[in-house]
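Asks: Questions regarding the structure given below will be posed in turn.
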Amino acid sequence: MINKKGKSFYFCWVFFITFVIFLYGPTFTIVLLSFQGPEGGLTFPMNGFSFHWFEKLWEGGGYVDIGSAFRRSILLGIILMILTVILSVSAGMAFRKKFFGSNFLFFLTISSLIVPSIILSLGVALEFRLIDETIKFIGNKYNIDWIINDFQTTLNMFSSGLGAQLTWTLPFGLLIMFAIFNRFDKSFEEASRDLGATPWQTFKFIVLPIIAPSVVGIALFGFTLSYDELARSSQVMGATNTLPLELKGLTTTVTTPVIYALGTLTTGISFLVIFIAIGSFFIIKRKKVK
Amino acid sequence: MNNRKSFFLAAPFYLVFLCFFLIPLILTVIVSFWDYNEYSIIPDFIFENYAYIFNNCFDYSKDVCVTFKTYLSTFYFCFLSWLFTLLAGFTIAYFLAFHVKSLGLQITLFLICTIPFWTSNVIRMVSWIPLLGRNGLFNSFLLSTGIIDEPQEWFLYSHFSVVLAFIHLYTLFMIVPIFNSMLRIDKSIIEAAYDAGANGFQILINIIIPLCKPGIVIGSIFVITVVMGDFITIGIMGGQQLASIGKIIQVEMSYLQLPAAAANAVILLIITIFIIWIMTKFIDIRKEL
């Protein structure tokens, strides 16, 4: 049976290890190559070891303004993280009961997860284009000066960009909430209610501490999925670009290890966030056991 | 908590999906019937955007039209990516669910598979360049061992590298739902089959695979839909040479031919929904979540 360490057991171990190498090997390669010497190229061998390409990156190296793309992406990621946590937790609480349109909302959420991203990006871009046209139309009709002279577009990182990314992060948040409440013991809440706690008190002192580790998980999804999001953002960021969009442009134009240095940096930030999240997940869990 | 309170709690969430999911999709369908010129889109009700897509497609004396060719190539990528992510994902999930006994180790190994999902896809694609390129690691390794005489060009910017990148990026979409299905299998069923004399292979074929069907279907839906609409992976890993429907939409958008892009999006959406509909015939998806 499966307990027995037969051929299958060893095959699976070997397969798993191969898969992990396949998963991490390429990333490891570019981390290594980003420390390429000043004379080195895009491939092995390493021509010495240096921070040359990181310095180049820091100076901007004549490429797009990476620094501000970085800041924009991190800012957007943090906003997405906060919104994803708040909206998913409140919707997750709501979904424990049936409410008006709850089935339809569930259907929308799951559909959003599997609809091809380019279609969604196009749809949101269209929506904002039509809003723009409407505003311009009203401006012309009623002779509103600032619209005629200054108004450009409502398409913006923090309007359309934010919304398009929410349709990607929120389904994950809601599914995590479902997973929590599937194995949630309701008797704690009932006890708290019987003792006279208000719904808010029950949420704050009973429910929230119990679900806290998973809320960290939702935050992790909210930040990282936004920080790396590309397909849905691609048509809706307006005049500004986030880091993944800049990166995609760089893949066709940059032919030096600068792009590896940039890759090492963004991957480093992702890893930092992931480890902080996983770390706090286990710390909160352990505290709870005590 | 009563019904109305629940509704208000979910209202912001609802609003996001109305404003940024449902309305955009409805608008896409509407605009696909509009007219356009170089600088504006014009409200109308015409079928020309659709007619243009299927131009020459039903004239059998000529070659296969561009649209059909592009869809065929997309289906080809779908099939290969689906096959390999399924095989790899199933094996990994099987390993995690049945061979790893300690819960701690199970969580750790599962996280190891998941962590790359939270890092940048573009960087994960770029990182294949030093391995697959003309002067890359694979070529120099194969040259030095004498398996090949000259550097191979087809490793990078080819169908091969695109499928490889899909497997690299999306095997996790298979692992998670299949693993979830496997964890729900009652171990005593397997014990019983073993006691009744079944061997490991029979258990796999007759018990584990049928009981994992929901996970397999959910994973397949994820992988297939993501590949159907892809334009980034095919763009970067195909060296901007290969066609895909997503790419056609993106190019049309960059020329501000929004109604044309919308018509393409509607057709892509219909085909994707059709594929999902066929797949959900195999399971009741709502029972599995």
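Starting from 1 in every chain, residues are counted up; chains themselves are A, B, ... following the order of the structure tokens, and ligands are numbered from 1 as listed.
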Only residues of chain B matter here; which ones have an atom within 7 Å of chain A, counting only C-alpha atoms? Give them as number ranges by chain.

Replies: B: 3-4, 6-7, 9-10, 12-14, 16-17, 20-21, 24-25, 27-28, 91-92, 95, 98-99, 118-120, 122-124, 127-128, 130, 135-137, 168, 194, 200, 222, 225-226, 229, 246, 265

Asks: Could you write out, as a count of residues only, all the residues of stretch 35-216 of chain B that DSSP marks as helix (DSSP H, G or I)?

Replies: 125

Asks: Given only C-alpha atoms as the basis, pick out the residue of A:Ser34, A:Thr153, A:Thr256, A:Ser280 nearest to A:Gly48.

Replies: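 Among the listed residues, A:Ser34 lies closest to A:Gly48.
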
Asks: Find the residues near B:Asn49: any atom within 12 Å, counting only C-alpha atoms, skip ones fewer than 5 places away on the same chain, and give them as number ranges by chain.

Replies: B: 29-36, 44, 54-55, 252, 257-267

Asks: Can you tell me which residues surround A:Phe188 at a distance of at most 10 Å, considering only C-alpha atoms, apart from same-chain residues fewer than 6 positions away, and format the answer as a PyMOL selection string?

Replies: chain A and resi 194+202+206-207+210

Asks: Please write the residues from the selection above to a file, keeping N, CA, C and O atoms, as a PDB file, in the first residue's frame.

Replies:
```pdb
ATOM      1  N   ASP A 194     -24.494  35.495  24.001  1.00  0.00           N
ATOM      2  CA  ASP A 194     -25.271  35.198  25.202  1.00  0.00           C
ATOM      3  C   ASP A 194     -24.790  36.022  26.384  1.00  0.00           C
ATOM      4  O   ASP A 194     -25.563  36.365  27.274  1.00  0.00           O
ATOM      5  N   THR A 202     -18.262  41.200  19.454  1.00  0.00           N
ATOM      6  CA  THR A 202     -18.063  39.783  19.122  1.00  0.00           C
ATOM      7  C   THR A 202     -17.062  39.633  17.992  1.00  0.00           C
ATOM      8  O   THR A 202     -16.153  38.805  18.047  1.00  0.00           O
ATOM      9  N   ILE A 206     -13.701  38.132  19.419  1.00  0.00           N
ATOM     10  CA  ILE A 206     -13.827  36.677  19.240  1.00  0.00           C
ATOM     11  C   ILE A 206     -13.429  36.255  17.824  1.00  0.00           C
ATOM     12  O   ILE A 206     -12.492  35.485  17.628  1.00  0.00           O
ATOM     13  N   VAL A 207     -14.128  36.787  16.829  1.00  0.00           N
ATOM     14  CA  VAL A 207     -13.925  36.297  15.461  1.00  0.00           C
ATOM     15  C   VAL A 207     -12.560  36.707  14.927  1.00  0.00           C
ATOM     16  O   VAL A 207     -11.794  35.879  14.430  1.00  0.00           O
ATOM     17  N   ILE A 210      -9.531  34.812  15.997  1.00  0.00           N
ATOM     18  CA  ILE A 210      -9.498  33.442  15.483  1.00  0.00           C
ATOM     19  C   ILE A 210      -9.075  33.415  14.014  1.00  0.00           C
ATOM     20  O   ILE A 210      -8.299  32.554  13.593  1.00  0.00           O
TER      21      ILE A 210
END
```

Asks: Find the residues near stretch 278-283 of chain B: any atom within 8 Å, counting only C-alpha atoms, skip ones fewer than 3 places away on the same chain, and give them as a PyMOL selection string.

Replies: chain B and resi 213-214+217+221+274-275

Asks: Write the selection just made, keeping C-alpha atoms, as an mmCIF file, in the first residue's frame?

Replies:
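Final file, out.cif:
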```cif
data_model
loop_
_atom_site.group_PDB
_atom_site.id
_atom_site.type_symbol
_atom_site.label_atom_id
_atom_site.label_comp_id
_atom_site.auth_asym_id
_atom_site.auth_seq_id
_atom_site.Cartn_x
_atom_site.Cartn_y
_atom_site.Cartn_z
ATOM 1 C CA LYS B 213 -11.870 14.401 -10.825
ATOM 2 C CA PRO B 214 -13.256 17.663 -9.362
ATOM 3 C CA VAL B 217 -11.410 19.758 -13.684
ATOM 4 C CA ILE B 221 -10.258 25.246 -16.190
ATOM 5 C CA PHE B 274 -18.052 26.995 -24.045
ATOM 6 C CA ILE B 275 -14.910 25.137 -22.963
#
```

Asks: Find the residue from A:Trp200, A:Phe172, A:Phe281, A:Trp53 that sits nearest to A:Glu39; use only C-alpha atoms when measuring.

Replies: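 That would be A:Trp53, the residue with the smallest distance to A:Glu39.
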
Asks: Considering only C-alpha atoms, return as a PyMOL selection string whatever protein or nucleic-acid residues lie within 9 Å of stretch 77-90 of chain B, sequence-local ones (same chain, fewer than 6 positions apart) excluded.

Replies: (chain A and resi 15+19) or (chain B and resi 159+162-164+166-168+170-176+178-179+216+219-220+223-228)

Asks: Which value, in Å to one decimal, gives the distance between atom CA of B:Cys19 and atom CA of B:Ile248?

Replies: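 That distance, rounded to one decimal, is 25.4 Å.
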
Asks: Got a sec: who's within 10 Å of A:Phe35, counting only C-alpha atoms, leaving out chain neighbours fewer than 6 positions off, as a PyMOL selection string?

Replies: chain A and resi 46-54+257-258+260-261+264

Asks: Provide the atom CA of A:Lys7 to atom CA of B:Ala198 distance in Å, to one decimal place.

Replies: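 Computed distance, atom CA of A:Lys7 to atom CA of B:Ala198, equals 16.1 Å.
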